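Novice: File model_16.pdb below, PDB, C-alpha atoms and all ligand atoms:
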ATOM      1  CA  MET A   1     -15.177  12.260   1.928  1.00  0.00           C
ATOM      2  CA  ALA A   2     -17.573   9.349   1.723  1.00  0.00           C
ATOM      3  CA  VAL A   3     -15.383   7.432  -0.678  1.00  0.00           C
ATOM      4  CA  CYS A   4     -12.715   7.117   1.981  1.00  0.00           C
ATOM      5  CA  ALA A   5     -15.091   5.241   4.240  1.00  0.00           C
ATOM      6  CA  VAL A   6     -16.479   3.037   1.495  1.00  0.00           C
ATOM      7  CA  SER A   7     -13.231   1.912  -0.058  1.00  0.00           C
ATOM      8  CA  PRO A   8     -10.164   1.686   2.124  1.00  0.00           C
ATOM      9  CA  TRP A   9      -7.967   1.066  -0.877  1.00  0.00           C
ATOM     10  CA  GLY A  10      -6.788   4.004  -2.881  1.00  0.00           C
ATOM     11  CA  ARG A  11      -4.412   4.639  -5.696  1.00  0.00           C
ATOM     12  CA  CYS A  12      -0.890   5.310  -4.714  1.00  0.00           C
ATOM     13  CA  ARG A  13      -0.228   8.992  -4.962  1.00  0.00           C
ATOM     14  CA  ARG A  14       3.338   8.579  -5.991  1.00  0.00           C
ATOM     15  CA  CYS A  15       2.868   6.320  -9.007  1.00  0.00           C
ATOM     16  CA  HIS A  16      -0.867   6.994  -9.576  1.00  0.00           C
ATOM     17  CA  GLY A  17      -1.596   3.288  -9.667  1.00  0.00           C
ATOM     18  CA  ARG A  18       0.974   2.548 -12.342  1.00  0.00           C
ATOM     19  CA  ARG A  19       3.028   0.488  -9.899  1.00  0.00           C
ATOM     20  CA  SER A  20       6.326   1.862 -11.053  1.00  0.00           C
ATOM     21  CA  HIS A  21       8.059   5.117 -11.651  1.00  0.00           C
ATOM     22  CA  ARG A  22      10.973   6.471 -13.605  1.00  0.00           C
ATOM     23  CA  THR A  23      14.211   7.082 -11.906  1.00  0.00           C
ATOM     24  CA  THR A  24      16.486   9.957 -12.748  1.00  0.00           C
ATOM     25  CA  ILE A  25      18.583   7.756 -15.002  1.00  0.00           C
ATOM     26  CA  GLY A  26      15.572   6.654 -17.022  1.00  0.00           C
ATOM     27  CA  THR A  27      15.027   3.128 -15.751  1.00  0.00           C
ATOM     28  CA  ARG A  28      11.795   1.876 -14.286  1.00  0.00           C
ATOM     29  CA  ARG A  29      11.527   0.823 -10.701  1.00  0.00           C
ATOM     30  CA  ASP A  30       8.817  -0.513  -8.468  1.00  0.00           C
ATOM     31  CA  CYS A  31       7.249   2.288  -6.572  1.00  0.00           C
ATOM     32  CA  PRO A  32       8.783   2.292  -3.097  1.00  0.00           C
ATOM     33  CA  ARG A  33       5.729   3.801  -1.520  1.00  0.00           C
ATOM     34  CA  CYS A  34       3.220   1.127  -2.483  1.00  0.00           C
ATOM     35  CA  ASP A  35       5.821  -1.620  -2.958  1.00  0.00           C
ATOM     36  CA  GLY A  36       4.878  -2.032  -6.604  1.00  0.00           C
ATOM     37  CA  THR A  37       1.219  -2.718  -5.964  1.00  0.00           C
ATOM     38  CA  GLY A  38      -0.124   0.622  -7.162  1.00  0.00           C
ATOM     39  CA  ILE A  39      -2.503   0.834  -4.247  1.00  0.00           C
ATOM     40  CA  ARG A  40      -2.167   2.070  -0.751  1.00  0.00           C
ATOM     41  CA  VAL A  41      -4.201   1.376   2.325  1.00  0.00           C
ATOM     42  CA  ARG A  42      -5.981   4.298   3.864  1.00  0.00           C
ATOM     43  CA  THR A  43      -6.600   2.531   7.138  1.00  0.00           C
ATOM     44  CA  GLY A  44      -2.906   1.804   7.279  1.00  0.00           C
ATOM     45  CA  ARG A  45      -1.234   0.537  10.355  1.00  0.00           C
ATOM     46  CA  ARG A  46      -4.289  -0.333  12.378  1.00  0.00           C
ATOM     47  CA  LEU A  47      -5.391  -2.838   9.782  1.00  0.00           C
ATOM     48  CA  LEU A  48      -1.920  -4.287   9.516  1.00  0.00           C
ATOM     49  CA  ASP A  49      -1.681  -4.758  13.256  1.00  0.00           C
ATOM     50  CA  HIS A  50      -5.069  -6.422  13.258  1.00  0.00           C
ATOM     51  CA  ILE A  51      -4.042  -8.877  10.560  1.00  0.00           C
ATOM     52  CA  ARG A  52      -0.795  -9.606  12.307  1.00  0.00           C
ATOM     53  CA  THR A  53      -2.545 -10.367  15.574  1.00  0.00           C
ATOM     54  CA  GLU A  54      -4.978 -12.700  13.847  1.00  0.00           C
ATOM     55  CA  TYR A  55      -2.161 -14.454  12.063  1.00  0.00           C
ATOM     56  CA  ARG A  56      -0.236 -14.968  15.264  1.00  0.00           C
ATOM     57  CA  ASP A  57      -3.240 -16.324  17.116  1.00  0.00           C
ATOM     58  CA  GLY A  58      -3.904 -18.755  14.313  1.00  0.00           C
ATOM     59  CA  ASN A  59      -0.398 -20.149  14.445  1.00  0.00           C
ATOM     60  CA  GLN A  60      -0.134 -20.705  18.120  1.00  0.00           C
TER      61      GLN A  60
HETATM   62 ZN    ZN A 101       3.097   3.656  -5.807  1.00  0.00          ZN
END
Please, can you express the file's structure as structure tokens?

Specialist:
Amino acid sequence: MAVCAVSPWGRCRRCHGRRSHRTTIGTRRDCPRCDGTGIRVRTGRRLLDHIRTEYRDGNQ
């Protein structure tokens, strides 16, 4: 889909962008999948590695 290429950020499937979800005992918790941000990165690990490399280079 075109939208995947245009916006790398998508709503978290687990919490649907609500950032939290209900546990079985009825309390609210940060969504473990998106870490409470409500969004997930489609490009994923590649982007993370890229950022990490840049960060490292900048520090040294
Ligand atoms: Zn989530």

Novice: Neighbouring residues of ligand ZN 101 (chain A) are defined here as those with any atom at most 9 Å from a ligand atom, counting all atoms listed in the file; list them as a list in words.

Specialist: Arg11, Cys12, Arg13, Arg14, Cys15, His16, Gly17, Arg18, Arg19, Ser20, His21, Asp30, Cys31, Pro32, Arg33, Cys34, Asp35, Gly36, Thr37, Gly38, Ile39 and Arg40 of chain A

Novice: Using only C-alpha atoms, please write the residues we just selected to a file, as a PDB file, keeping the file's coordinate frame.

Specialist:
ATOM      1  CA  ARG A  11      -4.412   4.639  -5.696  1.00  0.00           C
ATOM      2  CA  CYS A  12      -0.890   5.310  -4.714  1.00  0.00           C
ATOM      3  CA  ARG A  13      -0.228   8.992  -4.962  1.00  0.00           C
ATOM      4  CA  ARG A  14       3.338   8.579  -5.991  1.00  0.00           C
ATOM      5  CA  CYS A  15       2.868   6.320  -9.007  1.00  0.00           C
ATOM      6  CA  HIS A  16      -0.867   6.994  -9.576  1.00  0.00           C
ATOM      7  CA  GLY A  17      -1.596   3.288  -9.667  1.00  0.00           C
ATOM      8  CA  ARG A  18       0.974   2.548 -12.342  1.00  0.00           C
ATOM      9  CA  ARG A  19       3.028   0.488  -9.899  1.00  0.00           C
ATOM     10  CA  SER A  20       6.326   1.862 -11.053  1.00  0.00           C
ATOM     11  CA  HIS A  21       8.059   5.117 -11.651  1.00  0.00           C
ATOM     12  CA  ASP A  30       8.817  -0.513  -8.468  1.00  0.00           C
ATOM     13  CA  CYS A  31       7.249   2.288  -6.572  1.00  0.00           C
ATOM     14  CA  PRO A  32       8.783   2.292  -3.097  1.00  0.00           C
ATOM     15  CA  ARG A  33       5.729   3.801  -1.520  1.00  0.00           C
ATOM     16  CA  CYS A  34       3.220   1.127  -2.483  1.00  0.00           C
ATOM     17  CA  ASP A  35       5.821  -1.620  -2.958  1.00  0.00           C
ATOM     18  CA  GLY A  36       4.878  -2.032  -6.604  1.00  0.00           C
ATOM     19  CA  THR A  37       1.219  -2.718  -5.964  1.00  0.00           C
ATOM     20  CA  GLY A  38      -0.124   0.622  -7.162  1.00  0.00           C
ATOM     21  CA  ILE A  39      -2.503   0.834  -4.247  1.00  0.00           C
ATOM     22  CA  ARG A  40      -2.167   2.070  -0.751  1.00  0.00           C
TER      23      ARG A  40
END

Novice: Mind pulling up the distance from atom CA of Gly10 of chain A to atom CA of Arg29 of chain A?

Specialist: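 Interatomic distance here is 20.2 Å.
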
Novice: Box for segment 22-29 of chain A: with edges along x, y and z, all listed atoms inside and 8 Å added on each side, what are the centre and edge lengths in Å to one decimal, as lines of an AutoDock Vina configuration file?

Specialist:
center_x = 14.8
center_y = 5.4
center_z = -13.9
size_x = 23.6
size_y = 25.1
size_z = 22.3

Novice: Mind filling out segment 20-36 of chain A with N, CA, C and O atoms and sending it as a short mmCIF file (atom, residue, chain, number, x, y, z; two decimals), in the coordinates of the input?

Specialist:
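Below you can see out15.cif, which holds the result:
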data_model
loop_
_atom_site.label_atom_id
_atom_site.label_comp_id
_atom_site.auth_asym_id
_atom_site.auth_seq_id
_atom_site.Cartn_x
_atom_site.Cartn_y
_atom_site.Cartn_z
N SER A 20 4.90 1.61 -10.92
CA SER A 20 6.33 1.86 -11.05
C SER A 20 6.54 3.33 -11.39
O SER A 20 5.63 4.05 -11.74
N HIS A 21 7.76 3.73 -11.31
CA HIS A 21 8.06 5.12 -11.65
C HIS A 21 9.44 5.21 -12.28
O HIS A 21 10.25 4.30 -12.17
N ARG A 22 9.68 6.30 -12.95
CA ARG A 22 10.97 6.47 -13.60
C ARG A 22 11.98 7.07 -12.66
O ARG A 22 11.70 7.99 -11.93
N THR A 23 13.14 6.51 -12.71
CA THR A 23 14.21 7.08 -11.91
C THR A 23 14.88 8.19 -12.71
O THR A 23 14.57 8.39 -13.88
N THR A 24 15.82 8.84 -12.09
CA THR A 24 16.49 9.96 -12.75
C THR A 24 17.34 9.51 -13.91
O THR A 24 17.62 10.28 -14.82
N ILE A 25 17.75 8.23 -13.89
CA ILE A 25 18.58 7.76 -15.00
C ILE A 25 17.75 7.08 -16.09
O ILE A 25 18.29 6.54 -17.05
N GLY A 26 16.43 7.10 -15.94
CA GLY A 26 15.57 6.65 -17.02
C GLY A 26 15.11 5.21 -16.94
O GLY A 26 14.43 4.72 -17.82
N THR A 27 15.49 4.51 -15.89
CA THR A 27 15.03 3.13 -15.75
C THR A 27 13.74 3.10 -14.94
O THR A 27 13.42 4.05 -14.23
N ARG A 28 13.03 2.00 -15.04
CA ARG A 28 11.80 1.88 -14.29
C ARG A 28 12.03 1.07 -13.01
O ARG A 28 12.76 0.10 -13.02
N ARG A 29 11.39 1.52 -11.98
CA ARG A 29 11.53 0.82 -10.70
C ARG A 29 10.17 0.67 -10.07
O ARG A 29 9.30 1.50 -10.28
N ASP A 30 10.04 -0.37 -9.25
CA ASP A 30 8.82 -0.51 -8.47
C ASP A 30 8.69 0.68 -7.54
O ASP A 30 9.66 1.12 -6.96
N CYS A 31 7.49 1.15 -7.44
CA CYS A 31 7.25 2.29 -6.57
C CYS A 31 7.55 1.90 -5.13
O CYS A 31 7.04 0.91 -4.63
N PRO A 32 8.42 2.63 -4.47
CA PRO A 32 8.78 2.29 -3.10
C PRO A 32 7.67 2.55 -2.10
O PRO A 32 7.63 1.96 -1.04
N ARG A 33 6.78 3.42 -2.46
CA ARG A 33 5.73 3.80 -1.52
C ARG A 33 4.67 2.70 -1.39
O ARG A 33 4.22 2.39 -0.31
N CYS A 34 4.27 2.15 -2.52
CA CYS A 34 3.22 1.13 -2.48
C CYS A 34 3.82 -0.26 -2.69
O CYS A 34 3.10 -1.23 -2.78
N ASP A 35 5.14 -0.34 -2.78
CA ASP A 35 5.82 -1.62 -2.96
C ASP A 35 5.44 -2.28 -4.28
O ASP A 35 5.36 -3.49 -4.38
N GLY A 36 5.17 -1.48 -5.28
CA GLY A 36 4.88 -2.03 -6.60
C GLY A 36 3.47 -2.55 -6.77
O GLY A 36 3.18 -3.24 -7.73
#
